[in-house]
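Comments concern the structure below.
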Amino acid sequence: MSEFGLSDTIKVLVAESSRNIDRAKNGFKYLIGAEKIDVGITPKETVWSYDKVQLFRYRNQKVLYSTPIVLVMSLISRSYVLDLRPNKSLVEYLTKRGFDVFLVDWGVPDGFEAGNSLETYTHEYLGRIVENVIRISGAESATLYGYCLGGDLALLYAASHPEAPIRNLVTMATPVNFFGMGPTVALLRDDRFDLQKLIGWDGNVSAADIANSFKLLKPTGDLIGRANLIENLWDDEFMDGYLAMSRWTGEHVPFPGKAFLQIVDLLIRRNCLAVGKCELGGEVVSLSSIKCSLLNVIAEKDHIVPIECASPVTTLVGSKDAVELRLPAGHAGLIVGRQAADVTMPKIADWIEARSALMDGDIVSRVGRTDERTELV
Amino acid sequence: MSSPKPLWRNIFDLVEKGIAPKLESMVGTSEFAELISALTKLRYEANKRFEETTQNLLHMWNFPAVTDLKRLSDQVSNLERRIRDLSRLIEDMKESQAG
C-alpha cells in the first residue's frame with residue numbers, strides 16, 4: 001500500500017516538474033514577446049480589392065457546392081478571427097466541408113474612410129462584393145454570412161437589395177434590438193454624451209476607444225485572462241489559443257467616423273432594426289423585404305450581444321424559412337474553441353449545405369422548406 | 001482527468017465573483033455615464049489645448065504642427081476620393097460603351 005503511494009507521489013512530482021519546465025519555457029517566451037503567433041493561415045488569394053476592402057477566396061480543390069459563402073466581418077475588428085488557427089477556424093471548416101468560401105476584409109480605416117457612411121458599406125461595397133463573388137465563382141446566387149455588426153451590414157444590404165442574388169443569409173451574434181445592449185451602448189444612447197468628442201483627428205473613433213468600450217462590459221475580464229494564463233502556462237495548446245485570441249482582442253481597428261455617427265443615430269438611438277424600418281440610402285428599408293432563407297445564430301452566454309438583442313431577427317424578416325439556432329457559447333466562443341469546432345460549425349454548415357446548390361446543378365433539399373419559423377435544437 | 005484548481009486560483013475566483021457583479025452594475029449607472037461623459041470632454045479639451053500650444057510654438061520656428069498635418073491629410077483623402085470617383089466613372093463609361 002505504502003509502496004503504491006510512494007510511486008504515485010513520484011509520478012505526481014515528475015508530472016509537476018515537467019509542467020514547471022513548460023511553465024518556465026512558455027512564460028519566458030511570452031515575456032520576451034517571442035511567442036508571436038500566425039493567424040489567418042488557411043491558403044487564400046485576394047481576388048478583388050476596392051479602396052481598402054479586400055475579398056479573399058480560400059483555395060479549395062474539392063468544392064462540392066456551387067453556392068459560394070461570403071463571410072462578412074464587423075467594422076471594428078480584424079477579419080482573421082474567422083480563420084484564427086488551424087483546427088479552430090470557421091473558414092477552414094467550411095472549406096473542408098466543400099464550400100467555396102470568400103471573406104470580406106474591410107481593412108484598417110484612416111482619414112480616407114472617415115467619410116464612409118453606412119451606405120458605403122451596405123450599398124456600395126457589399127453590392128460590388130456580391131457582384132464580384134457571382135462573377136468570379138460563376139454561381140447564380142450566394143450565401144451571405146455576417147458576424148456581429150457584419151450581420152447587421154448583411155441584413156441591411158439584403159433588405160435594401162431584394163433583387164440581389166442572395167440565396168441564404170446567416171447572421172451570427174448579430175444585434176438588432178440595440179435597446180437591450182450593455183452599458184457601453186447605453187452610454188452612446190445617452191443624449192448627454194457628445195459623440196463628436198469621440199471622433200479623433202483622423203475623423204474616426206480610435207481603436208483604443210473601441211477596445212476600452214469592450215473592456216467596460218466585463219471589467220474583470222483582463223484579470224481573468226491573466227489568471228487563466230498563469231494557471232495554464234504549461235499547456236502548449238492553451239497557450240496557442242490564448243495568444244491567438246489575445247492578439248485579436250488587442251487589434252481592434254478604428255471605426256469610420258461618419259458610419260459611427262450614423263449607426264449610433266439609426267441603430268442605437270432610434271433602434272431602427274428592431275422597429276423593422278431604417279432610413280438608408282434615401283429610402284425606407286424594411287427587414288421584412290428579406291425573403292431568402294435565414295439562419296440566426298445566437299450565443300446564449302454572449303455578454304456583448306445578449307439573447308434579447310439578437311433573437312428578434314427571425315420575426316423581423318419576411319423569410320418563410322427563418323431559423324434560430326441557440327448555442328451555449330460566448331460571443332467569440334461561437335467561432336473559436338472546442339465548442340465551436342464540435343457543435344457550432346457543423347450545425348451551421350449542415351443548415352447551409354441543405355440550402356445550397358450542388359456543383360452538378362442539383363439543388364440540395366434534405367431539409368424541406370417550411371412555411372413556419374422553426375428552431376434548431 | 002483534469003487536475004484540481006490550485007489554491008490561489010480558488011481564492012482569485014472567490015474574490016472575482018464577489019467584486020465582478022458590483023463593478024458590472026456600477027458601469028451601468030447614470031453616475032458612471034456622467035463620469036465617462038465628463039472624462040471624454042476633458043480629454044477632448046486637453047488635446048485641443050495641447051494642440052493649440054504646440055501649434056504656436058512650432059509655428060514660431062516655422063515647423064508644421066499636428067493641425068497642419070490634419071489639414072494635409074484631409075486634402076490627400078479628398079483627392080484620393082476624387083480619383084476613386086473619376087476611375088469609377090471611367091469604368092462605368094467603358095462598360096456602357098462595351099455593352
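Within each chain, counting starts at residue 1; across the C-alpha cells, chains are named A, B, ... in the order shown, with ligands numbered 1 upward in that order.
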
Can you write out as JSON lines which residues of chain A fall within 8 Å of chain B, alongside each residue's closest atom pair and its distance in Å to one decimal, counting only C-alpha atoms and ordering rows by chain and ascending residue number?
```
{"residue": "A:Asp51", "atom": "CA", "partner": "B:Arg84", "partner_atom": "CA", "distance": 7.9}
{"residue": "A:Gly111", "atom": "CA", "partner": "B:Ser77", "partner_atom": "CA", "distance": 6.1}
{"residue": "A:Phe112", "atom": "CA", "partner": "B:Ser77", "partner_atom": "CA", "distance": 4.7}
{"residue": "A:Gly182", "atom": "CA", "partner": "B:Gly28", "partner_atom": "CA", "distance": 7.7}
{"residue": "A:Pro183", "atom": "CA", "partner": "B:Gly28", "partner_atom": "CA", "distance": 4.9}
{"residue": "A:Ala186", "atom": "CA", "partner": "B:Gly28", "partner_atom": "CA", "distance": 7.9}
{"residue": "A:Leu187", "atom": "CA", "partner": "B:Ala33", "partner_atom": "CA", "distance": 5.9}
{"residue": "A:Arg192", "atom": "CA", "partner": "B:Ser37", "partner_atom": "CA", "distance": 7.2}
{"residue": "A:Phe193", "atom": "CA", "partner": "B:Ser37", "partner_atom": "CA", "distance": 5.4}
{"residue": "A:Asp194", "atom": "CA", "partner": "B:Ser37", "partner_atom": "CA", "distance": 7.4}
{"residue": "A:Lys197", "atom": "CA", "partner": "B:Tyr44", "partner_atom": "CA", "distance": 6.1}
{"residue": "A:Leu198", "atom": "CA", "partner": "B:Thr40", "partner_atom": "CA", "distance": 7.2}
{"residue": "A:Trp201", "atom": "CA", "partner": "B:Lys70", "partner_atom": "CA", "distance": 6.7}
{"residue": "A:Asp202", "atom": "CA", "partner": "B:Lys70", "partner_atom": "CA", "distance": 7.0}
{"residue": "A:Leu216", "atom": "CA", "partner": "B:Val27", "partner_atom": "CA", "distance": 7.0}
{"residue": "A:Leu217", "atom": "CA", "partner": "B:Glu24", "partner_atom": "CA", "distance": 6.9}
{"residue": "A:Lys218", "atom": "CA", "partner": "B:Glu24", "partner_atom": "CA", "distance": 6.6}
{"residue": "A:Pro219", "atom": "CA", "partner": "B:Leu23", "partner_atom": "CA", "distance": 6.7}
{"residue": "A:Thr220", "atom": "CA", "partner": "B:Ala20", "partner_atom": "CA", "distance": 6.2}
{"residue": "A:Ala227", "atom": "CA", "partner": "B:Arg9", "partner_atom": "CA", "distance": 7.3}
{"residue": "A:Glu231", "atom": "CA", "partner": "B:Arg9", "partner_atom": "CA", "distance": 7.6}
```

| A:Ala139, A:Ile268, A:Val72, A:Ile335 ranked by distance to Leu103 of chain A, top pick (using only C-alpha atoms) | A:Val72

| field | Atom pair atom CA of Glu113 of chain A / atom CA of Arg82 of chain B: separation (Å) | value | 13.0 Å

Identify, on the basis of only C-alpha atoms, every residue whose closest approach to Thr120 of chain A does not exceed 12 Å; exclude the query and any residue fewer than 4 positions from it along the same chain; express the result as a tab-separated table (two decimals) with N, CA, C and O atoms, in the first residue's frame.
```
chain	number	residue	atom	x	y	z
A	50	TYR	N	-10.90	46.96	-53.52
A	50	TYR	CA	-11.53	48.22	-53.86
A	50	TYR	C	-11.36	49.13	-52.65
A	50	TYR	O	-11.71	48.74	-51.53
A	51	ASP	N	-10.82	50.33	-52.83
A	51	ASP	CA	-10.41	51.15	-51.69
A	51	ASP	C	-9.56	50.26	-50.77
A	51	ASP	O	-8.64	49.64	-51.24
A	53	VAL	N	-10.92	47.70	-49.11
A	53	VAL	CA	-11.66	46.44	-48.98
A	53	VAL	C	-10.96	45.35	-49.82
A	53	VAL	O	-10.60	45.59	-50.97
A	106	TRP	N	-12.40	44.43	-44.41
A	106	TRP	CA	-12.66	45.86	-44.62
A	106	TRP	C	-11.38	46.70	-44.56
A	106	TRP	O	-11.41	47.88	-44.89
A	113	GLU	N	-11.28	56.77	-45.04
A	113	GLU	CA	-12.56	56.10	-44.74
A	113	GLU	C	-13.45	56.91	-43.78
A	113	GLU	O	-14.59	56.55	-43.55
A	114	ALA	N	-12.88	58.00	-43.22
A	114	ALA	CA	-13.65	58.77	-42.23
A	114	ALA	C	-15.00	59.22	-42.80
A	114	ALA	O	-15.98	59.33	-42.08
A	115	GLY	N	-15.04	59.47	-44.10
A	115	GLY	CA	-16.27	59.95	-44.73
A	115	GLY	C	-17.17	58.82	-45.21
A	115	GLY	O	-18.21	59.08	-45.81
A	116	ASN	N	-16.77	57.58	-44.98
A	116	ASN	CA	-17.61	56.44	-45.39
A	116	ASN	C	-18.89	56.40	-44.56
A	116	ASN	O	-18.82	56.37	-43.33
A	124	GLU	N	-22.70	50.28	-51.46
A	124	GLU	CA	-21.60	50.30	-52.44
A	124	GLU	C	-20.68	49.08	-52.32
A	124	GLU	O	-20.55	48.31	-53.27
A	125	TYR	N	-20.05	48.92	-51.15
A	125	TYR	CA	-19.06	47.84	-51.02
A	125	TYR	C	-19.72	46.46	-51.13
A	125	TYR	O	-19.29	45.62	-51.92
A	126	LEU	N	-20.76	46.22	-50.33
A	126	LEU	CA	-21.37	44.87	-50.36
A	126	LEU	C	-21.98	44.58	-51.73
A	126	LEU	O	-21.93	43.45	-52.21
A	127	GLY	N	-22.54	45.62	-52.35
A	127	GLY	CA	-23.11	45.44	-53.69
A	127	GLY	C	-22.05	44.95	-54.66
A	127	GLY	O	-22.24	43.98	-55.41
A	128	ARG	N	-20.89	45.64	-54.64
A	128	ARG	CA	-19.80	45.26	-55.54
A	128	ARG	C	-19.21	43.90	-55.16
A	128	ARG	O	-18.79	43.13	-56.03
A	129	ILE	N	-19.16	43.63	-53.86
A	129	ILE	CA	-18.60	42.34	-53.40
A	129	ILE	C	-19.46	41.18	-53.92
A	129	ILE	O	-18.94	40.23	-54.52
A	153	LEU	N	-24.76	44.58	-41.31
A	153	LEU	CA	-24.47	45.08	-42.66
A	153	LEU	C	-25.11	44.16	-43.70
A	153	LEU	O	-25.71	44.63	-44.67
A	156	LEU	N	-28.92	44.71	-43.68
A	156	LEU	CA	-29.30	45.96	-44.34
A	156	LEU	C	-29.09	45.88	-45.85
A	156	LEU	O	-29.88	46.43	-46.63
A	157	TYR	N	-28.01	45.21	-46.25
A	157	TYR	CA	-27.77	45.04	-47.69
A	157	TYR	C	-28.90	44.21	-48.32
A	157	TYR	O	-29.48	44.61	-49.34
A	256	PRO	N	-14.88	54.06	-38.75
A	256	PRO	CA	-15.06	55.24	-39.60
A	256	PRO	C	-16.09	56.22	-39.01
A	256	PRO	O	-17.22	55.82	-38.72
A	258	LYS	N	-18.05	58.82	-39.89
A	258	LYS	CA	-19.40	59.09	-40.40
A	258	LYS	C	-20.32	57.88	-40.18
A	258	LYS	O	-21.47	58.04	-39.74
A	259	ALA	N	-19.79	56.71	-40.47
A	259	ALA	CA	-20.59	55.48	-40.27
A	259	ALA	C	-20.92	55.29	-38.80
A	259	ALA	O	-22.03	54.87	-38.45
A	262	GLN	N	-23.75	57.61	-37.82
A	262	GLN	CA	-24.98	57.13	-38.44
A	262	GLN	C	-25.52	55.88	-37.72
A	262	GLN	O	-26.73	55.77	-37.49
A	280	LEU	N	-32.27	54.51	-45.12
A	280	LEU	CA	-30.93	54.23	-45.63
A	280	LEU	C	-30.89	54.49	-47.13
A	280	LEU	O	-31.77	54.02	-47.86
A	281	GLY	N	-29.88	55.23	-47.56
A	281	GLY	CA	-29.71	55.50	-48.99
A	281	GLY	C	-30.91	56.22	-49.58
A	281	GLY	O	-31.29	55.95	-50.72
```

| field | Residues near Ile166 of chain A, cut-off 9 Å, only C-alpha atoms, skip fewer than 3 positions along chain, as JSON, numbers by chain | value | {"A": [130, 140, 141, 142, 143, 144, 158, 162, 163, 169, 292, 293]}

| query | Running DSSP on the backbone, which parts of segment 74-171 of chain A land in strand (DSSP E or B), as a PyMOL selection string? | reply | chain A and resi 83+89+101-105+142-147+166-171

| task | Pick out each residue of segment 259-374 of chain A that DSSP on the backbone tags as helix (DSSP H, G or I); I need them as a ChimeraX atom specification. | result | /A:259-269,272-275,287-289,307-310,313-316,338-353

| query | Just how far from atom CA of Arg85 of chain A is atom CA of Pro68 of chain A, in Å to one decimal? | reply |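 So the two atoms, atom CA of Pro68 of chain A and atom CA of Arg85 of chain A, lie 22.1 Å apart.
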
| All residues 12 Å or closer to Tyr93 of chain A, only C-alpha atoms, same chain fewer than 2 positions away omitted, as number ranges by chain | A: 42, 58, 60, 82-91, 95-101, 335-336, 340-350

Please write the residues from the selection above to a file, keeping N, CA and C atoms, as a tab-separated table (two decimals), in the first residue's frame.
```tsv
chain	number	residue	atom	x	y	z
A	42	THR	N	-5.11	29.80	-43.45
A	42	THR	CA	-5.69	28.95	-44.50
A	42	THR	C	-5.34	29.58	-45.86
A	58	TYR	N	-10.70	31.41	-50.55
A	58	TYR	CA	-9.87	30.35	-49.98
A	58	TYR	C	-9.71	29.20	-50.97
A	60	ASN	N	-9.55	25.77	-52.54
A	60	ASN	CA	-10.27	24.54	-52.23
A	60	ASN	C	-10.33	23.67	-53.48
A	82	LEU	N	-12.08	34.80	-38.04
A	82	LEU	CA	-12.84	33.73	-38.69
A	82	LEU	C	-11.93	32.64	-39.25
A	83	ASP	N	-10.63	32.91	-39.18
A	83	ASP	CA	-9.64	31.92	-39.62
A	83	ASP	C	-8.46	31.98	-38.64
A	84	LEU	N	-8.79	31.79	-37.35
A	84	LEU	CA	-7.81	32.09	-36.30
A	84	LEU	C	-6.61	31.16	-36.31
A	85	ARG	N	-6.86	29.89	-36.10
A	85	ARG	CA	-5.78	28.91	-36.01
A	85	ARG	C	-6.21	27.61	-36.69
A	86	PRO	N	-5.27	26.81	-37.17
A	86	PRO	CA	-5.67	25.53	-37.76
A	86	PRO	C	-6.50	24.71	-36.76
A	87	ASN	N	-7.53	24.08	-37.25
A	87	ASN	CA	-8.49	23.31	-36.45
A	87	ASN	C	-9.37	24.16	-35.53
A	88	LYS	N	-9.20	25.48	-35.58
A	88	LYS	CA	-10.07	26.37	-34.80
A	88	LYS	C	-10.58	27.46	-35.74
A	89	SER	N	-10.79	27.10	-36.97
A	89	SER	CA	-11.10	28.10	-37.98
A	89	SER	C	-12.41	27.79	-38.70
A	90	LEU	N	-13.29	28.78	-38.69
A	90	LEU	CA	-14.57	28.64	-39.39
A	90	LEU	C	-14.32	28.49	-40.90
A	91	VAL	N	-13.40	29.32	-41.38
A	91	VAL	CA	-13.06	29.28	-42.81
A	91	VAL	C	-12.56	27.89	-43.21
A	95	THR	N	-14.42	25.26	-45.70
A	95	THR	CA	-13.69	24.85	-46.90
A	95	THR	C	-13.62	23.32	-46.96
A	96	LYS	N	-13.32	22.69	-45.80
A	96	LYS	CA	-13.24	21.23	-45.76
A	96	LYS	C	-14.59	20.58	-46.04
A	97	ARG	N	-15.66	21.28	-45.72
A	97	ARG	CA	-16.99	20.73	-45.97
A	97	ARG	C	-17.40	20.85	-47.44
A	98	GLY	N	-16.54	21.48	-48.23
A	98	GLY	CA	-16.80	21.53	-49.67
A	98	GLY	C	-17.41	22.83	-50.17
A	99	PHE	N	-17.32	23.89	-49.35
A	99	PHE	CA	-17.87	25.17	-49.80
A	99	PHE	C	-16.78	26.03	-50.44
A	100	ASP	N	-17.23	26.88	-51.35
A	100	ASP	CA	-16.35	27.87	-51.97
A	100	ASP	C	-16.45	29.11	-51.07
A	101	VAL	N	-15.40	29.36	-50.28
A	101	VAL	CA	-15.50	30.38	-49.23
A	101	VAL	C	-14.78	31.68	-49.61
A	335	ILE	N	-17.15	31.11	-32.65
A	335	ILE	CA	-16.27	30.89	-33.81
A	335	ILE	C	-14.91	30.30	-33.46
A	336	VAL	N	-14.53	30.37	-32.19
A	336	VAL	CA	-13.25	29.75	-31.80
A	336	VAL	C	-13.47	28.80	-30.61
A	340	ALA	N	-16.99	25.51	-30.63
A	340	ALA	CA	-17.23	25.99	-31.99
A	340	ALA	C	-16.96	24.87	-33.00
A	341	ALA	N	-15.82	24.19	-32.81
A	341	ALA	CA	-15.45	23.14	-33.76
A	341	ALA	C	-16.37	21.93	-33.68
A	342	ASP	N	-16.81	21.60	-32.45
A	342	ASP	CA	-17.62	20.38	-32.27
A	342	ASP	C	-19.10	20.59	-32.53
A	343	VAL	N	-19.61	21.77	-32.20
A	343	VAL	CA	-21.06	21.98	-32.28
A	343	VAL	C	-21.46	23.07	-33.29
A	344	THR	N	-20.94	24.29	-33.07
A	344	THR	CA	-21.39	25.43	-33.87
A	344	THR	C	-21.18	25.23	-35.37
A	345	MET	N	-19.93	24.99	-35.72
A	345	MET	CA	-19.60	24.91	-37.15
A	345	MET	C	-20.37	23.80	-37.87
A	346	PRO	N	-20.42	22.57	-37.30
A	346	PRO	CA	-21.17	21.52	-38.01
A	346	PRO	C	-22.65	21.88	-38.21
A	347	LYS	N	-23.29	22.47	-37.16
A	347	LYS	CA	-24.72	22.78	-37.27
A	347	LYS	C	-24.97	23.85	-38.34
A	348	ILE	N	-24.11	24.86	-38.34
A	348	ILE	CA	-24.28	25.93	-39.33
A	348	ILE	C	-24.03	25.39	-40.73
A	349	ALA	N	-22.96	24.60	-40.86
A	349	ALA	CA	-22.62	24.04	-42.18
A	349	ALA	C	-23.75	23.12	-42.68
A	350	ASP	N	-24.35	22.35	-41.76
A	350	ASP	CA	-25.47	21.47	-42.15
A	350	ASP	C	-26.62	22.31	-42.72
```

| field | Residue contacts of Tyr80 of chain A (8 Å, only C-alpha atoms) excluding same-chain residues fewer than 5 positions away, as a PyMOL selection string | value | chain A and resi 39-40+248

Those residues you just picked out, can you put them in a file as a PDB file, in the first residue's frame with N, CA and C atoms?
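Result written to selection-v9.pdb:
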```pdb
ATOM      1  N   VAL A  39      -1.761  33.988 -37.589  1.00  0.00           N
ATOM      2  CA  VAL A  39      -3.217  33.820 -37.666  1.00  0.00           C
ATOM      3  C   VAL A  39      -3.657  33.940 -39.122  1.00  0.00           C
ATOM      4  N   GLY A  40      -4.858  33.460 -39.410  1.00  0.00           N
ATOM      5  CA  GLY A  40      -5.392  33.578 -40.773  1.00  0.00           C
ATOM      6  C   GLY A  40      -4.534  32.859 -41.793  1.00  0.00           C
ATOM      7  N   TRP A 248      -6.020  38.972 -31.314  1.00  0.00           N
ATOM      8  CA  TRP A 248      -7.223  39.507 -31.973  1.00  0.00           C
ATOM      9  C   TRP A 248      -7.895  40.586 -31.110  1.00  0.00           C
TER      10      TRP A 248
END
```

| request: Find the residue from A:Glu308, A:Ser246, A:Ala211, A:Leu273 that sits nearest to Arg226 of chain A; use only C-alpha atoms when measuring. | output: A:Ser246

| request: Please indicate the distance in Å from atom CA of Pro64 of chain B to atom CA of Ile210 of chain A, rounded to one decimal place. | output: 29.5 Å
